[in-house]
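As stored in final_32.cif (mmCIF, C-alpha atoms):
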data_input
#
loop_
_atom_site.label_atom_id
_atom_site.label_comp_id
_atom_site.auth_asym_id
_atom_site.auth_seq_id
_atom_site.Cartn_x
_atom_site.Cartn_y
_atom_site.Cartn_z
CA MET A 1 0.00 0.00 0.00
CA ALA A 2 1.32 3.43 -0.91
CA THR A 3 2.18 5.57 2.10
CA ILE A 4 2.77 8.85 0.27
CA LYS A 5 0.70 11.53 1.98
CA ALA A 6 -1.44 13.80 -0.16
CA ARG A 7 -1.87 17.51 0.54
CA ASP A 8 -3.83 18.35 3.68
CA GLU A 9 -6.35 20.30 1.57
CA LEU A 10 -7.54 17.05 -0.03
CA VAL A 11 -8.44 15.23 3.19
CA SER A 12 -12.04 16.46 3.30
CA LEU A 13 -12.64 16.34 -0.46
CA LEU A 14 -14.49 13.67 -2.37
CA PRO A 15 -14.34 13.06 -6.12
CA TYR A 16 -17.20 14.57 -8.11
CA PRO A 17 -20.06 12.04 -7.83
CA LEU A 18 -20.52 10.18 -11.10
CA GLY A 19 -23.04 7.36 -11.24
CA PRO A 20 -22.99 4.52 -13.76
CA PRO A 21 -23.02 5.84 -17.34
CA PRO A 22 -26.55 5.74 -18.81
CA GLU A 23 -25.19 3.66 -21.68
CA THR A 24 -24.02 1.03 -19.18
CA MET A 25 -27.47 0.93 -17.63
CA GLN A 26 -28.98 0.65 -21.11
CA THR A 27 -26.93 -2.45 -21.81
CA LYS A 28 -27.53 -3.92 -18.36
CA LEU A 29 -31.31 -3.47 -18.42
CA GLY A 30 -31.78 -4.03 -22.14
CA PHE A 31 -33.36 -0.69 -23.04
CA SER A 32 -33.87 -0.01 -26.72
CA ARG A 33 -33.26 3.67 -25.93
CA ILE A 34 -32.42 5.90 -22.99
CA ILE A 35 -33.46 9.45 -22.15
CA ARG A 36 -30.68 11.64 -20.78
CA MET A 37 -32.10 14.36 -18.53
CA GLY A 38 -29.36 14.59 -15.92
CA ASP A 39 -26.57 16.68 -17.41
CA ASN A 40 -28.26 19.79 -18.86
CA GLU A 41 -27.30 18.98 -22.44
CA ASN A 42 -28.92 20.33 -25.59
CA PRO A 43 -31.38 17.64 -26.78
CA TYR A 44 -31.39 19.18 -30.27
CA GLY A 45 -27.73 18.42 -30.90
CA ALA A 46 -25.21 20.91 -32.25
CA SER A 47 -25.02 23.37 -35.11
CA PRO A 48 -24.40 21.81 -38.55
CA PHE A 49 -21.68 24.45 -38.92
CA ALA A 50 -19.94 23.10 -35.82
CA LEU A 51 -20.27 19.47 -36.87
CA GLU A 52 -18.81 20.19 -40.30
CA ALA A 53 -15.89 22.11 -38.80
CA ALA A 54 -15.20 19.27 -36.35
CA LYS A 55 -15.32 16.69 -39.11
CA LYS A 56 -12.84 18.65 -41.21
CA GLU A 57 -10.49 19.12 -38.27
CA LEU A 58 -10.33 15.37 -37.66
CA GLU A 59 -8.02 15.17 -40.67
CA SER A 60 -5.36 16.95 -38.59
CA VAL A 61 -5.64 15.20 -35.23
CA SER A 62 -2.06 13.93 -35.49
CA ARG A 63 -0.95 17.54 -35.07
CA TYR A 64 -1.01 19.61 -31.89
CA PRO A 65 -3.57 22.39 -31.85
CA ASP A 66 -2.61 26.00 -32.39
CA GLY A 67 -1.77 26.91 -28.80
CA THR A 68 -2.70 30.54 -29.43
CA TYR A 69 -6.25 29.46 -30.45
CA SER A 70 -6.25 32.47 -32.74
CA ARG A 71 -9.24 31.36 -34.83
CA LEU A 72 -11.42 30.80 -31.78
CA TYR A 73 -10.27 33.99 -30.05
CA ASN A 74 -10.97 35.96 -33.21
CA ALA A 75 -14.47 34.47 -33.44
CA LEU A 76 -15.13 35.26 -29.77
CA GLY A 77 -13.88 38.80 -30.24
CA GLU A 78 -16.22 39.39 -33.18
CA PHE A 79 -19.14 37.80 -31.35
CA HIS A 80 -18.76 39.87 -28.16
CA GLY A 81 -17.18 43.01 -29.58
CA LEU A 82 -14.13 42.69 -27.33
CA PRO A 83 -10.41 42.57 -28.14
CA GLU A 84 -8.93 39.07 -28.18
CA GLY A 85 -6.86 39.80 -25.06
CA PHE A 86 -10.05 39.65 -22.98
CA PHE A 87 -10.53 35.89 -23.48
CA ILE A 88 -9.25 32.64 -22.04
CA VAL A 89 -10.51 29.30 -23.38
CA GLY A 90 -10.58 26.18 -21.28
CA ASN A 91 -11.41 22.50 -21.22
CA GLY A 92 -14.94 23.44 -20.25
CA SER A 93 -15.63 26.59 -18.23
CA ASP A 94 -14.84 24.55 -15.12
CA GLU A 95 -11.19 24.61 -16.15
CA VAL A 96 -11.33 28.39 -16.24
CA ILE A 97 -12.68 28.27 -12.66
CA ARG A 98 -9.71 26.11 -11.71
CA LEU A 99 -7.29 28.53 -13.37
CA LEU A 100 -8.84 31.46 -11.53
CA THR A 101 -8.48 29.84 -8.12
CA ARG A 102 -4.96 28.59 -8.96
CA ALA A 103 -3.84 32.07 -9.94
CA PHE A 104 -5.65 34.17 -7.34
CA ILE A 105 -6.60 32.11 -4.26
CA GLY A 106 -3.91 31.60 -1.64
CA HIS A 107 -3.95 29.90 1.74
CA GLY A 108 -6.52 31.58 3.99
CA ASP A 109 -8.13 33.67 1.25
CA GLU A 110 -11.92 33.70 1.36
CA ALA A 111 -14.33 33.19 -1.53
CA VAL A 112 -18.01 34.04 -1.10
CA MET A 113 -20.61 31.91 -2.89
CA ALA A 114 -24.14 30.56 -2.52
CA SER A 115 -24.55 27.45 -0.37
CA CYS A 116 -26.55 25.77 -3.15
CA THR A 117 -24.72 26.36 -6.41
CA PHE A 118 -22.23 24.76 -8.81
CA PRO A 119 -20.02 22.68 -6.46
CA ARG A 120 -16.76 23.18 -8.37
CA TYR A 121 -16.43 26.71 -7.00
CA LYS A 122 -16.09 25.39 -3.46
CA THR A 123 -13.92 22.43 -4.45
CA ASN A 124 -11.36 24.53 -6.29
CA VAL A 125 -11.17 27.10 -3.52
CA LEU A 126 -10.52 24.33 -1.00
CA ILE A 127 -7.82 22.74 -3.17
CA GLU A 128 -5.88 26.00 -3.13
CA GLY A 129 -6.15 26.30 0.65
CA GLY A 130 -8.84 28.95 0.48
CA ILE A 131 -11.93 29.26 2.67
CA PRO A 132 -15.39 29.03 1.05
CA VAL A 133 -17.91 31.37 2.69
CA GLU A 134 -21.34 30.01 1.82
CA VAL A 135 -24.51 32.10 1.94
CA PRO A 136 -27.94 30.40 1.87
CA LEU A 137 -30.22 31.12 -1.07
CA ALA A 138 -33.17 33.46 -0.56
CA ASN A 139 -36.34 32.06 -2.12
CA GLY A 140 -34.20 29.82 -4.28
CA ALA A 141 -32.02 32.63 -5.67
CA HIS A 142 -28.71 34.27 -4.76
CA ASP A 143 -28.99 36.50 -1.69
CA LEU A 144 -26.83 39.36 -2.92
CA GLU A 145 -27.38 41.41 0.23
CA GLY A 146 -26.36 38.47 2.38
CA MET A 147 -23.31 37.84 0.19
CA MET A 148 -22.23 41.48 0.39
CA ALA A 149 -22.46 41.30 4.19
CA GLN A 150 -19.83 38.55 4.15
CA ILE A 151 -17.24 40.61 2.29
CA GLY A 152 -14.25 41.25 4.54
CA ARG A 153 -10.53 41.93 4.45
CA LYS A 154 -9.80 38.26 3.59
CA THR A 155 -12.28 38.14 0.70
CA LYS A 156 -10.52 37.54 -2.61
CA MET A 157 -13.29 36.23 -4.85
CA VAL A 158 -17.09 36.08 -5.18
CA PHE A 159 -19.01 33.61 -7.34
CA VAL A 160 -22.45 34.34 -8.81
CA CYS A 161 -23.93 31.59 -10.97
CA ASN A 162 -26.54 33.29 -13.14
CA PRO A 163 -28.78 31.42 -13.94
CA ASN A 164 -27.91 29.34 -10.92
CA ASN A 165 -27.08 25.65 -11.17
CA PRO A 166 -28.90 23.63 -9.83
CA THR A 167 -31.92 25.85 -9.08
CA GLY A 168 -32.25 27.62 -12.46
CA THR A 169 -33.05 30.95 -10.81
CA ILE A 170 -31.57 34.28 -11.91
CA VAL A 171 -30.41 37.50 -10.34
CA GLU A 172 -32.23 40.45 -11.87
CA LYS A 173 -30.13 42.65 -14.16
CA ASN A 174 -30.18 45.86 -12.14
CA ALA A 175 -29.60 44.07 -8.84
CA LEU A 176 -26.53 42.33 -10.22
CA ALA A 177 -25.21 45.56 -11.72
CA GLN A 178 -25.57 47.31 -8.35
CA PHE A 179 -23.90 44.38 -6.56
CA ILE A 180 -20.94 44.61 -8.92
CA SER A 181 -20.73 48.38 -8.54
CA ASP A 182 -20.77 48.18 -4.73
CA MET A 183 -18.10 45.46 -4.52
CA PRO A 184 -14.60 46.55 -3.40
CA LYS A 185 -12.34 46.77 -6.42
CA ASN A 186 -9.81 44.38 -4.88
CA VAL A 187 -12.38 41.55 -4.89
CA MET A 188 -12.87 39.51 -8.05
CA ILE A 189 -16.49 38.84 -9.04
CA VAL A 190 -16.89 35.69 -11.13
CA VAL A 191 -20.25 35.66 -12.94
CA ASP A 192 -20.90 32.20 -14.37
CA GLU A 193 -23.29 32.51 -17.32
CA ALA A 194 -23.25 28.91 -18.57
CA TYR A 195 -27.01 29.05 -19.22
CA VAL A 196 -27.45 32.72 -20.13
CA GLU A 197 -28.67 31.99 -23.68
CA TYR A 198 -31.79 30.36 -22.23
CA VAL A 199 -32.91 33.40 -20.24
CA THR A 200 -36.23 34.89 -21.36
CA LEU A 201 -37.22 36.88 -18.26
CA GLY A 202 -35.91 40.27 -19.25
CA GLU A 203 -32.64 41.46 -20.74
CA MET A 204 -29.37 40.40 -19.12
CA ASN A 205 -26.31 42.59 -18.55
CA ASP A 206 -24.07 42.91 -21.58
CA ALA A 207 -20.64 41.36 -21.03
CA LYS A 208 -18.83 44.03 -23.00
CA THR A 209 -20.43 46.87 -21.04
CA ILE A 210 -19.64 45.28 -17.68
CA LEU A 211 -16.02 44.50 -18.48
CA GLU A 212 -15.30 47.96 -19.85
CA LYS A 213 -16.57 49.53 -16.62
CA GLN A 214 -15.61 46.92 -14.01
CA PRO A 215 -12.11 45.42 -14.40
CA ASN A 216 -12.59 43.18 -11.34
CA VAL A 217 -15.34 41.13 -13.07
CA VAL A 218 -14.84 37.79 -14.83
CA ILE A 219 -17.65 36.35 -16.96
CA LEU A 220 -17.75 32.64 -17.77
CA ARG A 221 -19.49 31.04 -20.74
CA THR A 222 -19.55 27.54 -22.21
CA PHE A 223 -20.15 25.66 -25.44
CA SER A 224 -21.44 22.65 -23.51
CA LYS A 225 -25.02 23.83 -23.08
CA ILE A 226 -26.97 25.61 -25.82
CA HIS A 227 -24.17 25.10 -28.36
CA GLY A 228 -24.47 21.33 -27.86
CA LEU A 229 -20.71 20.64 -27.73
CA ALA A 230 -20.52 19.09 -24.24
CA GLY A 231 -18.47 16.14 -25.48
CA LEU A 232 -15.78 18.43 -26.88
CA ARG A 233 -15.28 20.31 -23.59
CA ILE A 234 -14.93 23.95 -24.58
CA GLY A 235 -15.58 26.88 -22.29
CA TYR A 236 -14.22 30.39 -21.96
CA GLY A 237 -13.84 33.35 -19.68
CA MET A 238 -14.04 37.06 -20.45
CA MET A 239 -11.95 39.33 -18.25
CA ALA A 240 -9.53 42.24 -18.12
CA PRO A 241 -6.34 41.45 -20.07
CA GLU A 242 -4.34 41.76 -16.84
CA ILE A 243 -6.35 38.91 -15.29
CA ALA A 244 -6.16 36.85 -18.46
CA GLY A 245 -2.39 37.31 -18.45
CA GLU A 246 -2.12 35.74 -15.01
CA LEU A 247 -4.24 32.77 -16.10
CA ARG A 248 -1.96 32.16 -19.07
CA LYS A 249 0.89 31.65 -16.60
CA VAL A 250 -0.88 28.70 -14.93
CA LYS A 251 -2.76 27.06 -17.79
CA ASP A 252 -1.51 24.13 -19.84
CA VAL A 253 -0.14 25.00 -23.27
CA PHE A 254 -2.59 22.88 -25.26
CA ASN A 255 -5.54 22.85 -22.85
CA VAL A 256 -8.18 22.76 -25.61
CA ASN A 257 -8.21 20.20 -28.40
CA ARG A 258 -8.19 21.31 -32.02
CA VAL A 259 -11.49 19.61 -32.93
CA GLY A 260 -13.35 21.36 -30.15
CA ALA A 261 -11.77 24.74 -30.87
CA ALA A 262 -12.76 24.55 -34.54
CA ALA A 263 -16.32 23.45 -33.73
CA ALA A 264 -16.75 26.21 -31.14
CA ALA A 265 -15.59 28.94 -33.53
CA ALA A 266 -18.01 27.70 -36.19
CA SER A 267 -20.90 27.41 -33.72
CA LEU A 268 -20.70 31.11 -32.84
CA ALA A 269 -21.65 31.93 -36.43
CA ASP A 270 -24.86 29.89 -36.36
CA LYS A 271 -27.16 32.32 -34.57
CA ALA A 272 -30.23 30.65 -36.06
CA PHE A 273 -29.44 27.36 -34.33
CA ILE A 274 -28.95 29.11 -30.98
CA ALA A 275 -32.21 31.03 -31.34
CA GLU A 276 -34.15 27.90 -32.32
CA SER A 277 -32.74 25.90 -29.41
CA ALA A 278 -33.64 28.69 -26.98
CA GLU A 279 -37.17 28.97 -28.35
CA LYS A 280 -37.81 25.23 -28.11
CA ASN A 281 -36.40 25.16 -24.59
CA CYS A 282 -38.69 27.99 -23.50
CA LEU A 283 -41.77 26.15 -24.75
CA GLU A 284 -40.77 22.87 -23.09
CA ARG A 285 -39.77 24.59 -19.85
CA GLU A 286 -43.20 26.16 -19.49
CA TYR A 287 -44.96 22.95 -20.50
CA VAL A 288 -43.09 20.68 -18.08
CA ALA A 289 -43.23 23.19 -15.21
CA ASN A 290 -47.00 23.53 -15.60
CA CYS A 291 -47.46 19.76 -15.76
CA LEU A 292 -45.38 19.26 -12.62
CA ALA A 293 -47.31 21.98 -10.78
CA GLY A 294 -50.52 20.28 -11.84
CA MET A 295 -49.21 17.06 -10.29
CA GLY A 296 -48.66 18.85 -6.98
CA PHE A 297 -44.90 19.37 -7.17
CA THR A 298 -43.12 22.59 -6.24
CA VAL A 299 -40.88 23.80 -9.06
CA LEU A 300 -38.54 26.77 -8.68
CA PRO A 301 -38.85 29.42 -11.43
CA SER A 302 -36.17 28.48 -13.95
CA GLU A 303 -34.45 30.53 -16.63
CA ALA A 304 -32.15 27.67 -17.66
CA ASN A 305 -32.59 24.44 -19.63
CA PHE A 306 -33.51 22.44 -16.54
CA LEU A 307 -36.02 22.48 -13.70
CA PHE A 308 -35.43 22.13 -9.95
CA VAL A 309 -38.24 19.99 -8.57
CA LEU A 310 -38.79 19.70 -4.81
CA LEU A 311 -39.82 16.32 -3.41
CA LYS A 312 -41.23 15.34 -0.03
CA GLU A 313 -39.28 12.09 0.15
CA SER A 314 -36.02 10.62 -1.15
CA SER A 315 -34.78 12.19 -4.35
CA LEU A 316 -32.34 9.30 -4.75
CA ALA A 317 -35.27 6.87 -4.71
CA ALA A 318 -36.97 8.91 -7.42
CA GLU A 319 -33.76 9.02 -9.45
CA ALA A 320 -33.37 5.25 -9.17
CA SER A 321 -37.01 4.60 -10.06
CA LEU A 322 -36.76 6.70 -13.22
CA ALA A 323 -33.45 5.08 -14.16
CA GLU A 324 -35.17 1.70 -14.12
CA LYS A 325 -37.40 3.07 -16.87
CA GLY A 326 -34.43 4.36 -18.88
CA ILE A 327 -34.87 8.00 -17.82
CA PHE A 328 -31.83 9.57 -16.18
CA VAL A 329 -32.23 12.67 -14.00
CA LYS A 330 -30.12 14.05 -11.15
CA GLY A 331 -31.27 13.43 -7.58
CA LEU A 332 -29.85 16.04 -5.19
CA ALA A 333 -29.54 16.68 -1.49
CA ALA A 334 -28.53 20.34 -1.54
CA PRO A 335 -28.30 22.85 1.35
CA GLY A 336 -31.83 23.97 2.07
CA TYR A 337 -33.23 21.38 -0.32
CA PRO A 338 -32.73 17.89 1.14
CA ASN A 339 -34.69 16.17 -1.64
CA ALA A 340 -34.82 17.61 -5.13
CA LEU A 341 -34.56 16.56 -8.74
CA ARG A 342 -32.68 18.56 -11.33
CA VAL A 343 -34.33 17.64 -14.59
CA ALA A 344 -32.80 18.74 -17.88
CA LEU A 345 -35.42 19.50 -20.49
CA GLY A 346 -35.66 17.26 -23.53
CA CYS A 347 -37.85 17.29 -26.60
CA ARG A 348 -41.62 16.90 -26.10
CA GLU A 349 -41.54 13.10 -26.43
CA GLU A 350 -38.78 12.81 -23.82
CA ASN A 351 -40.49 15.23 -21.46
CA ASP A 352 -43.76 13.34 -21.69
CA ALA A 353 -41.96 10.09 -20.90
CA PHE A 354 -40.39 11.71 -17.83
CA LEU A 355 -43.72 13.12 -16.64
CA LYS A 356 -45.40 9.74 -17.05
CA ALA A 357 -42.64 7.98 -15.11
CA LEU A 358 -42.65 10.55 -12.28
CA ARG A 359 -46.45 10.40 -12.10
CA SER A 360 -46.21 6.63 -11.73
CA PHE A 361 -43.58 7.00 -9.01
CA ALA A 362 -45.72 9.52 -7.14
CA ALA A 363 -48.77 7.27 -7.40
CA GLU A 364 -46.88 4.59 -5.50
CA GLY A 365 -47.03 6.88 -2.47
CA VAL A 366 -43.32 7.55 -2.27
CA VAL A 367 -43.46 11.26 -3.02
#
Represent the structure of the file as structure tokens.
Amino acid sequence: MATIKARDELVSLLPYPLGPPPETMQTKLGFSRIIRMGDNENPYGASPFALEAAKKELESVSRYPDGTYSRLYNALGEFHGLPEGFFIVGNGSDEVIRLLTRAFIGHGDEAVMASCTFPRYKTNVLIEGGIPVEVPLANGAHDLEGMMAQIGRKTKMVFVCNPNNPTGTIVEKNALAQFISDMPKNVMIVVDEAYVEYVTLGEMNDAKTILEKQPNVVILRTFSKIHGLAGLRIGYGMMAPEIAGELRKVKDVFNVNRVGAAAAAASLADKAFIAESAEKNCLEREYVANCLAGMGFTVLPSEANFLFVLLKESSLAAEASLAEKGIFVKGLAAPGYPNALRVALGCREENDAFLKALRSFAAEGVV
């Protein structure tokens, strides 16, 4: 047995929980098909532009990617109206989170975040020896006033997931703008907008406007959600060039593969695909939320491509029951929400199958 001691910061950490792959369950239980509603993917696939670019790039996979990612940075610059120096791409936006904490969080530094949000914020802060300061949600959404009250001399970073994962709730535009304006300039505000393209409840803050006025803000985006490129692992951050420069010191040289970079650049040009995916999601979100409410479930108001459904009994039992029918959702025990399901929206046929299965589960008297 190896006796090499790992870093003290890792003692309390657990690996990210990953259950059996749905495909394994499909083989084991003999399903003709499975319905994936656990990972917030785009059920409508990816842009044909992106798929064609990826296919073409496969011809060059024996070569390292262009480590400057000039084509992707140029496409991002045109899309957002920002100079290329404002961007960092990563192996998913979660890598950009890791780079931020690696570059800016030291031992004893504090990072303020919601108690029920994307767990990789907390994990990465802990790995670097930082201290997560968690603030409970207020009515399912970020409590900006409560978060501001936790800002102190040790605060180095603040995370706002907007829309929030796993609840799907958003912080209203003006409230977020005021929060950013009131924050001390020596505190970095990381606004994670992985699901921003799905928002329909009012206009969101423009990234370009924020970054030009507030150099302590970092905005995260991803190609894993509405762009439908989750399997290629491409995300990016927008930030002041000075911050981006520090991240380049700690990132791997070839941290993004060439197939994913090409597909992401092409996907930005297909605005019709993004608009169509958002429109379909909006219709299905309203439909499923209304059906669940009609069944007696409490559903938090979502502006993402998933719903946060509150249960009275075990969410893990519900998750397991649905999995036995080939429908895979995410059962959660989150702070303030001991039993909840995070259900990614599918197409109408998939959503109806989920509703039927959950209705059957509820009829058994478990929920």
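Residue nearest Val256 of chain A within the list A:Leu72, A:Ala363, A:Ala244, A:Leu358: A:Leu72 [criterion: smallest interatomic distance, all atoms listed in the file].
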Picked residues, the PyMOL selection byres ((chain A and resi 191) around 7), expected as an MDAnalysis selection string
chainID A and resid 159:162 189:190 192:193 218:220
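With all atoms listed in the file as the atoms that count, the minimum distance from Ala138 of chain A to the choices A:Ile274, A:Ala357, A:Ala114, A:Val158 is reached by A:Ala114.
Residue nearest Ala317 of chain A within the list A:Ser12, A:Cys347, A:Asn290, A:Ala362: A:Ala362 [criterion: smallest interatomic distance, only C-alpha atoms].
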Ground truth for the PyMOL selection byres ((chain A and resi 204) around 6), written as an mmCIF file with C-alpha atoms, keeping the file's coordinate frame:
data_model
loop_
_atom_site.group_PDB
_atom_site.id
_atom_site.type_symbol
_atom_site.label_atom_id
_atom_site.label_comp_id
_atom_site.auth_asym_id
_atom_site.auth_seq_id
_atom_site.Cartn_x
_atom_site.Cartn_y
_atom_site.Cartn_z
ATOM 1 C CA LYS A 173 -30.130 42.650 -14.160
ATOM 2 C CA GLU A 203 -32.640 41.460 -20.740
ATOM 3 C CA ASN A 205 -26.310 42.590 -18.550
#
Exactly which residues make up the result of the PyMOL selection byres ((chain A and resi 150) around 12) on this file, given as a short mmCIF file (atom, residue, chain, number, x, y, z; two decimals) with C-alpha atoms, in the coordinates of the input?
data_model
loop_
_atom_site.label_atom_id
_atom_site.label_comp_id
_atom_site.auth_asym_id
_atom_site.auth_seq_id
_atom_site.Cartn_x
_atom_site.Cartn_y
_atom_site.Cartn_z
CA GLU A 110 -11.92 33.70 1.36
CA ALA A 111 -14.33 33.19 -1.53
CA VAL A 112 -18.01 34.04 -1.10
CA MET A 113 -20.61 31.91 -2.89
CA ALA A 114 -24.14 30.56 -2.52
CA PRO A 132 -15.39 29.03 1.05
CA VAL A 133 -17.91 31.37 2.69
CA GLU A 134 -21.34 30.01 1.82
CA VAL A 135 -24.51 32.10 1.94
CA PRO A 136 -27.94 30.40 1.87
CA ASP A 143 -28.99 36.50 -1.69
CA LEU A 144 -26.83 39.36 -2.92
CA GLU A 145 -27.38 41.41 0.23
CA GLY A 146 -26.36 38.47 2.38
CA MET A 147 -23.31 37.84 0.19
CA MET A 148 -22.23 41.48 0.39
CA ALA A 149 -22.46 41.30 4.19
CA ILE A 151 -17.24 40.61 2.29
CA GLY A 152 -14.25 41.25 4.54
CA ARG A 153 -10.53 41.93 4.45
CA LYS A 154 -9.80 38.26 3.59
CA THR A 155 -12.28 38.14 0.70
CA LYS A 156 -10.52 37.54 -2.61
CA MET A 157 -13.29 36.23 -4.85
CA VAL A 158 -17.09 36.08 -5.18
CA MET A 183 -18.10 45.46 -4.52
#
Given the choices A:Ser60, A:Ser360, A:Gln178, A:Thr200, which gets closest to Gln214 of chain A if the distance is worked out from only C-alpha atoms?
A:Gln178
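Across A:Glu303, A:Asp270, A:Asp352, A:Glu78, the tightest approach to Arg285 of chain A is made by A:Glu303 when counting all atoms listed in the file.
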Quick one: distance from atom CA of Ile105 of chain A to atom CA of Glu128 of chain A in Å, one decimal?
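The value is 6.3 Å.
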Would you give me, as a Markdown table, each residue of segment 221-312 of chain A having an atom within 12 Å of an atom of segment 326-334 of chain A, along with its shortest atom pair and that distance in Å to one decimal, using all atoms listed in the file and sorting by chain and residue number?
| residue | atom | partner | partner_atom | distance |
| --- | --- | --- | --- | --- |
| A:Phe306 | CA | A:Val329 | CA | 10.2 |
| A:Leu307 | CA | A:Val329 | CA | 10.5 |
| A:Phe308 | CA | A:Leu332 | CA | 9.5 |
| A:Val309 | CA | A:Gly331 | CA | 9.6 |
| A:Leu310 | CA | A:Leu332 | CA | 9.7 |
| A:Leu311 | CA | A:Gly331 | CA | 9.9 |
| A:Lys312 | CA | A:Ala333 | CA | 11.9 |
